[in-house]
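Colleague: This is final.csv (CSV, C-alpha atoms).
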chain,number,residue,atom,x,y,z
A,11,MET,CA,6.8,19.1,18.9
A,12,SER,CA,6.0,15.3,18.9
A,13,LYS,CA,7.5,15.0,22.4
A,14,THR,CA,4.2,16.3,23.7
A,15,LEU,CA,2.3,13.5,21.8
A,16,GLU,CA,4.4,10.5,22.6
A,17,GLU,CA,3.3,7.5,24.7
A,18,GLN,CA,5.8,5.4,26.7
A,19,LYS,CA,5.3,1.6,27.2
A,20,LEU,CA,5.1,0.6,30.9
A,21,ASP,CA,4.2,-3.0,30.6
A,22,GLY,CA,2.7,-5.4,28.1
A,23,GLU,CA,1.6,-8.9,27.2
A,24,GLN,CA,0.4,-11.0,24.3
A,25,VAL,CA,-3.3,-11.6,24.8
A,26,PHE,CA,-4.0,-13.8,21.7
A,27,ASP,CA,-1.6,-16.0,19.7
A,28,GLY,CA,-3.6,-17.1,16.7
A,29,ARG,CA,-2.5,-18.9,13.6
A,30,MET,CA,-2.4,-15.5,11.8
A,31,LEU,CA,-3.4,-12.8,14.3
A,32,LYS,CA,-1.1,-11.9,17.1
A,33,VAL,CA,-2.7,-9.5,19.6
A,34,TYR,CA,-1.0,-7.5,22.3
A,35,ARG,CA,-2.1,-5.3,25.2
A,36,ASP,CA,0.2,-2.7,26.7
A,37,THR,CA,-0.1,-0.3,29.5
A,38,VAL,CA,1.3,3.1,28.5
A,39,ARG,CA,2.2,6.5,30.0
A,40,LEU,CA,0.3,9.3,28.3
A,41,PRO,CA,1.8,12.7,27.6
A,42,ASP,CA,-0.1,14.1,30.7
A,43,GLY,CA,1.4,11.4,33.0
A,44,SER,CA,-1.7,9.3,33.3
A,45,GLU,CA,-1.9,5.7,32.2
A,46,ALA,CA,-3.9,4.0,29.5
A,47,VAL,CA,-4.3,0.6,27.8
A,48,ARG,CA,-3.4,0.1,24.1
A,49,GLU,CA,-4.5,-3.1,22.3
A,50,TYR,CA,-3.1,-3.9,18.9
A,51,VAL,CA,-2.2,-6.5,16.3
A,52,ARG,CA,1.4,-7.2,15.3
A,53,HIS,CA,1.6,-8.0,11.6
A,54,PRO,CA,4.6,-9.2,9.5
A,55,GLY,CA,3.9,-6.5,6.8
A,56,ALA,CA,2.7,-7.0,3.2
A,57,VAL,CA,3.2,-5.9,-0.4
A,58,VAL,CA,0.7,-4.8,-3.0
A,59,ILE,CA,1.5,-4.8,-6.7
A,60,VAL,CA,0.3,-2.5,-9.5
A,61,ALA,CA,1.0,-4.9,-12.4
A,62,GLN,CA,0.5,-3.3,-15.9
A,63,LEU,CA,0.1,-5.5,-18.9
A,64,ASP,CA,1.6,-4.5,-22.2
A,65,ASN,CA,-1.9,-3.4,-23.4
A,66,GLY,CA,-2.0,-0.9,-20.5
A,67,HIS,CA,-4.5,-2.8,-18.3
A,68,LEU,CA,-3.8,-3.5,-14.6
A,69,LEU,CA,-4.1,-7.0,-13.1
A,70,PHE,CA,-6.8,-7.3,-10.4
A,71,GLU,CA,-8.1,-10.1,-8.3
A,72,ARG,CA,-11.6,-11.0,-7.0
A,73,GLN,CA,-11.2,-12.5,-3.6
A,74,PHE,CA,-13.6,-13.4,-0.8
A,75,ARG,CA,-12.8,-11.6,2.4
A,76,TYR,CA,-14.3,-13.4,5.3
A,77,PRO,CA,-14.4,-10.6,7.9
A,78,LEU,CA,-16.7,-8.6,5.5
A,79,ASP,CA,-18.4,-11.7,4.1
A,80,ARG,CA,-18.1,-10.6,0.5
A,81,VAL,CA,-15.9,-10.7,-2.6
A,82,PHE,CA,-13.5,-7.7,-3.1
A,83,LEU,CA,-11.9,-6.4,-6.3
A,84,GLU,CA,-8.3,-5.7,-5.3
A,85,LEU,CA,-4.8,-5.5,-6.5
A,86,PRO,CA,-2.5,-8.5,-6.1
A,87,ALA,CA,-1.0,-8.5,-2.5
A,88,GLY,CA,0.4,-10.8,0.1
A,89,LYS,CA,2.3,-11.1,3.4
A,90,ILE,CA,6.0,-10.8,3.8
A,91,ASP,CA,7.6,-14.1,4.9
A,92,PRO,CA,10.0,-14.0,7.8
A,93,GLY,CA,13.4,-12.7,6.6
A,94,GLU,CA,12.1,-12.2,3.0
A,95,ALA,CA,13.2,-9.1,1.1
A,96,ILE,CA,10.1,-7.1,0.1
A,97,LEU,CA,10.9,-7.2,-3.6
A,98,ASP,CA,11.1,-11.0,-3.4
A,99,THR,CA,7.7,-11.0,-1.7
A,100,ALA,CA,6.3,-8.9,-4.6
A,101,VAL,CA,7.8,-11.2,-7.2
A,102,ARG,CA,6.6,-14.3,-5.4
A,103,GLU,CA,3.0,-13.0,-4.8
A,104,LEU,CA,2.6,-11.8,-8.4
A,105,ARG,CA,3.7,-15.2,-9.7
A,106,GLU,CA,1.7,-17.3,-7.2
A,107,GLU,CA,-1.6,-15.3,-7.4
A,108,THR,CA,-1.7,-14.1,-11.1
A,109,GLY,CA,0.9,-16.4,-12.8
A,110,HIS,CA,2.9,-13.4,-14.1
A,111,GLU,CA,6.5,-12.5,-14.1
A,112,ALA,CA,7.7,-8.9,-14.7
A,113,ARG,CA,10.9,-7.7,-16.4
A,114,GLU,CA,10.7,-4.3,-14.7
A,115,TRP,CA,10.0,-3.6,-11.0
A,116,ARG,CA,9.8,-0.1,-9.5
A,117,TYR,CA,9.3,0.6,-5.7
A,118,LEU,CA,6.6,3.2,-5.1
A,119,GLY,CA,6.4,3.6,-1.4
A,120,VAL,CA,4.9,2.4,1.9
A,121,MET,CA,1.4,2.8,3.4
A,122,HIS,CA,0.0,2.0,6.8
A,123,PRO,CA,-3.5,0.5,6.5
A,124,CYS,CA,-4.7,0.4,10.1
A,125,ILE,CA,-2.7,2.8,12.4
A,126,GLY,CA,-5.2,2.7,15.2
A,127,TYR,CA,-4.8,-1.0,16.1
A,128,SER,CA,-2.2,-2.7,13.9
A,129,ASP,CA,1.5,-2.2,13.1
A,130,GLU,CA,1.0,-3.5,9.5
A,131,ARG,CA,2.8,-1.7,6.7
A,132,ILE,CA,2.2,-2.4,3.0
A,133,GLU,CA,5.0,-1.8,0.5
A,134,MET,CA,3.9,-0.8,-2.9
A,135,PHE,CA,5.4,-1.9,-6.2
A,136,LEU,CA,4.9,-1.2,-9.9
A,137,ALA,CA,5.5,-4.2,-12.2
A,138,ARG,CA,5.8,-3.9,-16.0
A,139,GLY,CA,6.9,-6.0,-18.9
A,140,LEU,CA,4.7,-8.9,-17.8
A,141,SER,CA,4.7,-12.4,-19.2
A,142,HIS,CA,2.3,-15.2,-18.2
A,143,VAL,CA,4.0,-18.2,-16.8
A,144,GLY,CA,1.1,-19.9,-14.8
A,145,ALA,CA,-0.3,-19.3,-11.3
A,146,GLN,CA,0.7,-21.4,-8.2
A,147,LEU,CA,-2.0,-20.7,-5.7
A,148,ASP,CA,-1.4,-21.6,-2.1
A,149,HIS,CA,-3.6,-24.3,-0.5
A,150,GLU,CA,-6.6,-22.5,0.9
A,151,GLU,CA,-6.3,-19.7,-1.5
A,152,PHE,CA,-9.2,-19.0,-3.9
A,153,LEU,CA,-9.2,-16.1,-6.3
A,154,GLU,CA,-10.0,-15.0,-9.8
A,155,VAL,CA,-7.7,-12.8,-11.8
A,156,THR,CA,-9.0,-10.1,-14.0
A,157,SER,CA,-7.7,-6.9,-15.6
A,158,MET,CA,-8.9,-3.4,-16.4
A,159,PRO,CA,-7.5,-0.1,-17.6
A,160,LEU,CA,-6.3,2.5,-15.1
A,161,GLU,CA,-9.1,4.8,-16.1
A,162,GLY,CA,-11.6,2.0,-15.4
A,163,ALA,CA,-10.1,1.3,-12.0
A,164,LEU,CA,-10.2,5.0,-11.0
A,165,ALA,CA,-13.9,5.0,-12.1
A,166,ALA,CA,-14.5,1.9,-10.1
A,167,VAL,CA,-13.3,3.7,-6.9
A,168,MET,CA,-15.6,6.6,-7.6
A,169,ASN,CA,-18.6,4.3,-8.1
A,170,GLY,CA,-18.0,2.2,-5.1
A,171,ARG,CA,-16.9,-1.1,-6.8
A,172,ILE,CA,-13.4,-0.7,-5.4
A,173,THR,CA,-13.4,0.1,-1.6
A,174,ASP,CA,-10.3,-1.7,-0.4
A,175,ALA,CA,-8.0,1.0,1.0
A,176,LYS,CA,-4.7,-0.6,0.0
A,177,THR,CA,-5.9,-0.9,-3.6
A,178,ILE,CA,-7.1,2.8,-3.7
A,179,THR,CA,-3.9,4.0,-2.1
A,180,ALA,CA,-1.8,2.0,-4.7
A,181,LEU,CA,-4.0,3.4,-7.5
A,182,PHE,CA,-3.3,6.9,-6.2
A,183,TRP,CA,0.4,6.2,-6.7
A,184,ALA,CA,-0.1,4.4,-10.0
A,185,GLU,CA,-2.1,7.3,-11.5
A,186,ARG,CA,0.8,9.7,-10.7
A,187,VAL,CA,3.5,7.4,-12.0
A,188,ILE,CA,1.7,5.9,-15.0
A,189,ARG,CA,-0.5,8.8,-16.2
A,190,LEU,CA,1.1,11.9,-14.8
A,191,GLY,CA,4.7,10.7,-15.3
A,192,PHE,CA,6.2,11.1,-11.8
B,1,MET,CA,-19.1,-16.2,-10.3
B,2,SER,CA,-18.5,-15.3,-6.6
B,3,LYS,CA,-20.2,-18.6,-5.7
B,4,THR,CA,-16.9,-20.3,-6.4
B,5,LEU,CA,-15.1,-18.0,-4.0
B,6,GLU,CA,-17.4,-17.9,-1.0
B,7,GLU,CA,-16.6,-19.3,2.5
B,8,GLN,CA,-19.3,-20.6,4.9
B,9,LYS,CA,-19.1,-20.2,8.6
B,10,LEU,CA,-19.3,-23.5,10.4
B,11,ASP,CA,-18.5,-22.4,14.0
B,12,GLY,CA,-17.0,-19.5,15.8
B,13,GLU,CA,-16.0,-17.9,19.1
B,14,GLN,CA,-14.7,-14.7,20.6
B,15,VAL,CA,-11.1,-15.2,21.5
B,16,PHE,CA,-10.3,-11.7,22.9
B,17,ASP,CA,-12.7,-9.2,24.5
B,18,GLY,CA,-10.5,-6.1,25.0
B,19,ARG,CA,-11.5,-2.6,25.9
B,20,MET,CA,-11.3,-1.6,22.2
B,21,LEU,CA,-10.3,-4.8,20.3
B,22,LYS,CA,-12.8,-7.6,19.8
B,23,VAL,CA,-11.2,-10.7,18.2
B,24,TYR,CA,-13.0,-13.7,16.8
B,25,ARG,CA,-12.0,-17.1,15.4
B,26,ASP,CA,-14.3,-18.9,13.1
B,27,THR,CA,-14.0,-22.3,11.3
B,28,VAL,CA,-15.2,-22.0,7.7
B,29,ARG,CA,-15.9,-24.3,4.8
B,30,LEU,CA,-13.8,-23.3,1.8
B,31,PRO,CA,-15.0,-23.4,-1.8
B,32,ASP,CA,-13.4,-26.8,-2.4
B,33,GLY,CA,-15.1,-28.3,0.7
B,34,SER,CA,-12.2,-28.3,3.0
B,35,GLU,CA,-12.1,-26.4,6.3
B,36,ALA,CA,-10.0,-23.5,7.4
B,37,VAL,CA,-9.7,-21.1,10.4
B,38,ARG,CA,-10.4,-17.3,10.0
B,39,GLU,CA,-9.3,-14.9,12.7
B,40,TYR,CA,-10.5,-11.3,12.6
B,41,VAL,CA,-11.3,-8.1,14.5
B,42,ARG,CA,-14.9,-6.8,14.7
B,43,HIS,CA,-14.9,-3.0,14.6
B,44,PRO,CA,-17.8,-0.5,15.0
B,45,GLY,CA,-16.7,1.5,11.9
B,46,ALA,CA,-15.3,5.0,11.6
B,47,VAL,CA,-15.5,8.2,9.7
B,48,VAL,CA,-12.8,10.4,8.1
B,49,ILE,CA,-13.3,14.0,7.2
B,50,VAL,CA,-11.8,16.1,4.5
B,51,ALA,CA,-12.4,19.5,6.0
B,52,GLN,CA,-11.6,22.5,3.8
B,53,LEU,CA,-11.1,25.9,5.2
B,54,ASP,CA,-12.3,29.0,3.3
B,55,ASN,CA,-8.6,29.7,2.3
B,56,GLY,CA,-8.7,26.2,0.6
B,57,HIS,CA,-6.4,24.5,3.1
B,58,LEU,CA,-7.4,21.1,4.6
B,59,LEU,CA,-7.4,20.4,8.3
B,60,PHE,CA,-4.9,17.7,9.4
B,61,GLU,CA,-3.9,16.2,12.7
B,62,ARG,CA,-0.6,15.0,14.2
B,63,GLN,CA,-1.3,12.1,16.4
B,64,PHE,CA,0.9,9.5,18.1
B,65,ARG,CA,-0.1,6.0,17.0
B,66,TYR,CA,1.1,3.5,19.5
B,67,PRO,CA,1.2,0.3,17.4
B,68,LEU,CA,3.7,2.0,15.1
B,69,ASP,CA,5.4,4.0,17.8
B,70,ARG,CA,5.4,7.3,16.0
B,71,VAL,CA,3.4,10.5,15.1
B,72,PHE,CA,1.3,10.3,12.0
B,73,LEU,CA,0.0,13.2,9.8
B,74,GLU,CA,-3.6,12.3,9.1
B,75,LEU,CA,-7.1,13.6,8.4
B,76,PRO,CA,-9.6,14.0,11.3
B,77,ALA,CA,-11.3,10.7,12.0
B,78,GLY,CA,-13.0,8.7,14.7
B,79,LYS,CA,-15.1,5.7,15.6
B,80,ILE,CA,-18.9,5.5,15.2
B,81,ASP,CA,-20.7,5.3,18.6
B,82,PRO,CA,-23.3,2.6,19.0
B,83,GLY,CA,-26.5,3.6,17.2
B,84,GLU,CA,-25.0,6.9,15.9
B,85,ALA,CA,-25.8,8.1,12.4
B,86,ILE,CA,-22.5,8.4,10.4
B,87,LEU,CA,-23.0,12.1,9.7
B,88,ASP,CA,-23.5,12.7,13.4
B,89,THR,CA,-20.2,11.0,14.0
B,90,ALA,CA,-18.5,13.2,11.4
B,91,VAL,CA,-19.9,16.4,12.9
B,92,ARG,CA,-19.0,15.3,16.4
B,93,GLU,CA,-15.4,14.2,15.6
B,94,LEU,CA,-14.7,17.4,13.6
B,95,ARG,CA,-15.9,19.4,16.5
B,96,GLU,CA,-14.1,17.4,19.2
B,97,GLU,CA,-10.8,17.0,17.5
B,98,THR,CA,-10.4,20.2,15.6
B,99,GLY,CA,-12.9,22.6,17.1
B,100,HIS,CA,-14.6,23.3,13.8
B,101,GLU,CA,-18.2,23.3,12.7
B,102,ALA,CA,-19.2,23.1,9.0
B,103,ARG,CA,-22.1,24.6,7.1
B,104,GLU,CA,-21.8,22.2,4.2
B,105,TRP,CA,-21.4,18.4,4.5
B,106,ARG,CA,-21.1,16.1,1.5
B,107,TYR,CA,-20.9,12.3,1.7
B,108,LEU,CA,-18.1,10.9,-0.4
B,109,GLY,CA,-18.1,7.1,0.0
B,110,VAL,CA,-16.9,4.2,2.0
B,111,MET,CA,-13.5,2.4,2.2
B,112,HIS,CA,-12.4,-0.8,3.9
B,113,PRO,CA,-8.9,-0.3,5.5
B,114,CYS,CA,-8.0,-3.9,6.5
B,115,ILE,CA,-10.1,-6.5,4.7
B,116,GLY,CA,-7.8,-9.4,5.6
B,117,TYR,CA,-8.4,-9.3,9.3
B,118,SER,CA,-11.0,-6.7,10.2
B,119,ASP,CA,-14.6,-5.8,9.3
B,120,GLU,CA,-13.9,-2.1,9.8
B,121,ARG,CA,-15.4,0.3,7.3
B,122,ILE,CA,-14.5,4.0,7.1
B,123,GLU,CA,-17.1,6.5,5.8
B,124,MET,CA,-15.7,9.5,4.1
B,125,PHE,CA,-17.1,13.1,4.3
B,126,LEU,CA,-16.2,16.5,2.8
B,127,ALA,CA,-16.9,19.4,5.1
B,128,ARG,CA,-16.9,23.0,3.9
B,129,GLY,CA,-18.0,26.4,5.2
B,130,LEU,CA,-15.9,25.9,8.4
B,131,SER,CA,-16.1,28.1,11.5
B,132,HIS,CA,-13.9,27.6,14.6
B,133,VAL,CA,-15.8,27.1,17.8
B,134,GLY,CA,-13.2,25.4,20.1
B,135,ALA,CA,-12.0,21.8,20.5
B,136,GLN,CA,-13.3,19.4,23.1
B,137,LEU,CA,-10.8,16.5,23.2
B,138,ASP,CA,-11.7,13.3,24.9
B,139,HIS,CA,-9.8,12.3,28.0
B,140,GLU,CA,-6.7,10.3,26.8
B,141,GLU,CA,-6.8,12.1,23.4
B,142,PHE,CA,-3.7,14.1,22.5
B,143,LEU,CA,-3.3,15.6,19.1
B,144,GLU,CA,-2.1,18.8,17.3
B,145,VAL,CA,-4.2,20.4,14.5
B,146,THR,CA,-2.6,21.8,11.4
B,147,SER,CA,-3.6,22.6,7.9
B,148,MET,CA,-2.2,22.5,4.4
B,149,PRO,CA,-3.3,23.0,0.8
B,150,LEU,CA,-4.6,20.0,-1.2
B,151,GLU,CA,-1.5,20.2,-3.4
B,152,GLY,CA,0.8,20.1,-0.4
B,153,ALA,CA,-1.1,17.1,0.9
B,154,LEU,CA,-0.8,15.2,-2.4
B,155,ALA,CA,2.9,16.0,-2.4
B,156,ALA,CA,3.3,14.8,1.2
B,157,VAL,CA,1.9,11.4,0.0
B,158,MET,CA,4.4,11.2,-2.8
B,159,ASN,CA,7.4,12.1,-0.5
B,160,GLY,CA,6.3,9.7,2.2
B,161,ARG,CA,5.3,12.2,4.9
B,162,ILE,CA,1.7,10.9,4.7
B,163,THR,CA,1.5,7.1,4.8
B,164,ASP,CA,-1.9,6.6,6.5
B,165,ALA,CA,-4.1,4.7,4.1
B,166,LYS,CA,-7.4,6.2,5.2
B,167,THR,CA,-5.9,9.7,4.7
B,168,ILE,CA,-4.5,8.8,1.2
B,169,THR,CA,-7.8,7.2,0.2
B,170,ALA,CA,-9.8,10.3,1.4
B,171,LEU,CA,-7.3,12.6,-0.5
B,172,PHE,CA,-7.9,10.5,-3.6
B,173,TRP,CA,-11.6,11.4,-3.3
B,174,ALA,CA,-10.9,15.0,-2.3
B,175,GLU,CA,-8.8,15.6,-5.3
B,176,ARG,CA,-11.5,14.4,-7.6
B,177,VAL,CA,-14.3,16.4,-5.9
B,178,ILE,CA,-12.4,19.6,-5.1
B,179,ARG,CA,-9.9,19.9,-7.9
B,180,LEU,CA,-11.4,17.9,-10.8
B,181,GLY,CA,-15.0,18.9,-10.0
B,182,PHE,CA,-16.7,15.5,-9.7
Represent the structure of the file as structure tokens.
Modeller:
Amino acid sequence: MSKTLEEQKLDGEQVFDGRMLKVYRDTVRLPDGSEAVREYVRHPGAVVIVAQLDNGHLLFERQFRYPLDRVFLELPAGKIDPGEAILDTAVRELREETGHEAREWRYLGVMHPCIGYSDERIEMFLARGLSHVGAQLDHEEFLEVTSMPLEGALAAVMNGRITDAKTITALFWAERVIRLGF
Amino acid sequence: MSKTLEEQKLDGEQVFDGRMLKVYRDTVRLPDGSEAVREYVRHPGAVVIVAQLDNGHLLFERQFRYPLDRVFLELPAGKIDPGEAILDTAVRELREETGHEAREWRYLGVMHPCIGYSDERIEMFLARGLSHVGAQLDHEEFLEVTSMPLEGALAAVMNGRITDAKTITALFWAERVIRLGF
């Protein structure tokens, strides 16, 4: 079935090699035999962490996101370093950004945030049994850590305080795993 | 509070002007007074539609997504044309991609799929009272329309068949509006 939908790469080049963004432009063969151009970002992938404190609250961050020129309320997350195992990324980012370690890690699944123009994947983890050991923010990283109950986070999606799709997607999973017992 | 997180633009330029992707690189002043570079995509915004047939099933599409080199199962969606009202985009995309018109439209909310490196927003709509009038796919657009019950879609997220974050985020909303009655 998908044979009739597939596109074949004919040619391609990198059109922007930024410090963070790597942009490519390929020429492709469409299913009907015609040609088209596809422009996209190559991304190393990322993790997002639903970290539940012993009182049931989830850790959140307030972080300024320059492309949208405002502060977002979002779950802890970060990019995968070259060659790094995804669980190691999750452990590292939770420690660096929120100052917490977790006794219990559970892999939830993967999402794709931006399938139209990026190959980014975001791996989702649930972390429990947290202990505070102190944050180690990267240079150039500014954020505030906060926490709220799962119910409050779900309500914050519905009232528009949380609009970050990776956070909403991870909360979708968290609700099923934490509240509904999957 | 957010004053301590904000970044100020100092200078900026467009570094790639593609057919679809527009990429910018700005120099910014960080909260601690130092400077940093921010690279990001400017996007016209998009809509995604939860379209419920009279039998309760939701309309889905199978579409090949070149950056990830595979077919995705996703909700109908599309970019906002310049100057277009978002409801008009939703009506147009549902018609073009799935061949359906809806008697009843409800605005759900907005999500941001890629806050790290894109200003894209995706406006979510619920469409009901559907009638089939025939699809009008754009040139270069290849997709297959399918449908499934909400329960099946939620299960497809949990078993990894649906990983598109805009689709999962819209299903989060749909579940609350359709099943839980918000």
Colleague: Could you write out as a PyMOL selection string the residues of chain A within 8 Å of chain B, counting all atoms listed in the file?
Modeller: chain A and resi 12+15-17+25-26+28-31+40-41+46+48-52+73-81+119-129+150+152-153+168+170+173-176+178-179+182-183
Colleague: Rank B:Glu101, B:Glu93, B:Glu175, B:Asp81 by their smallest atom-to-atom distance to Pro149 (chain B), using all atoms listed in the file, and report the top residue only.
Modeller: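 Among B:Glu101, B:Glu93, B:Glu175, B:Asp81, it is B:Glu175 that comes nearest to Pro149 (chain B).
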Colleague: With only C-alpha atoms as the basis for distance, which of B:Gly56, B:Ala51, B:Ala174, B:Leu10 is at the shortest distance from Gly33 (chain B)?
Modeller: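 Closest to Gly33 (chain B) of all the choices is B:Leu10.
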Colleague: Figure out the distance between CA of Val60 (chain A) and CA of Ser157 (chain A), please, to one decimal in Å.
Modeller: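 Separation of CA of Ser157 (chain A) and CA of Val60 (chain A): 11.0 Å.
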Colleague: Have a look at B:Gly83, B:Val133, B:Glu74, B:Glu123 and name the one nearest to His100 (chain B); count only C-alpha atoms.
Modeller: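 Of the candidates, the smallest distance to His100 (chain B) is held by B:Val133.
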Colleague: If you measure from CA of Trp115 (chain A) to CA of Val58 (chain A), what distance in Å do you get, rounded to one decimal?
Modeller: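 A separation of 12.3 Å between them.
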Colleague: Please measure the separation of CA of Arg128 (chain B) and CA of Gln52 (chain B), giving the value in Å to one decimal.
Modeller: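 Computing it gives 5.3 Å between the two atoms.
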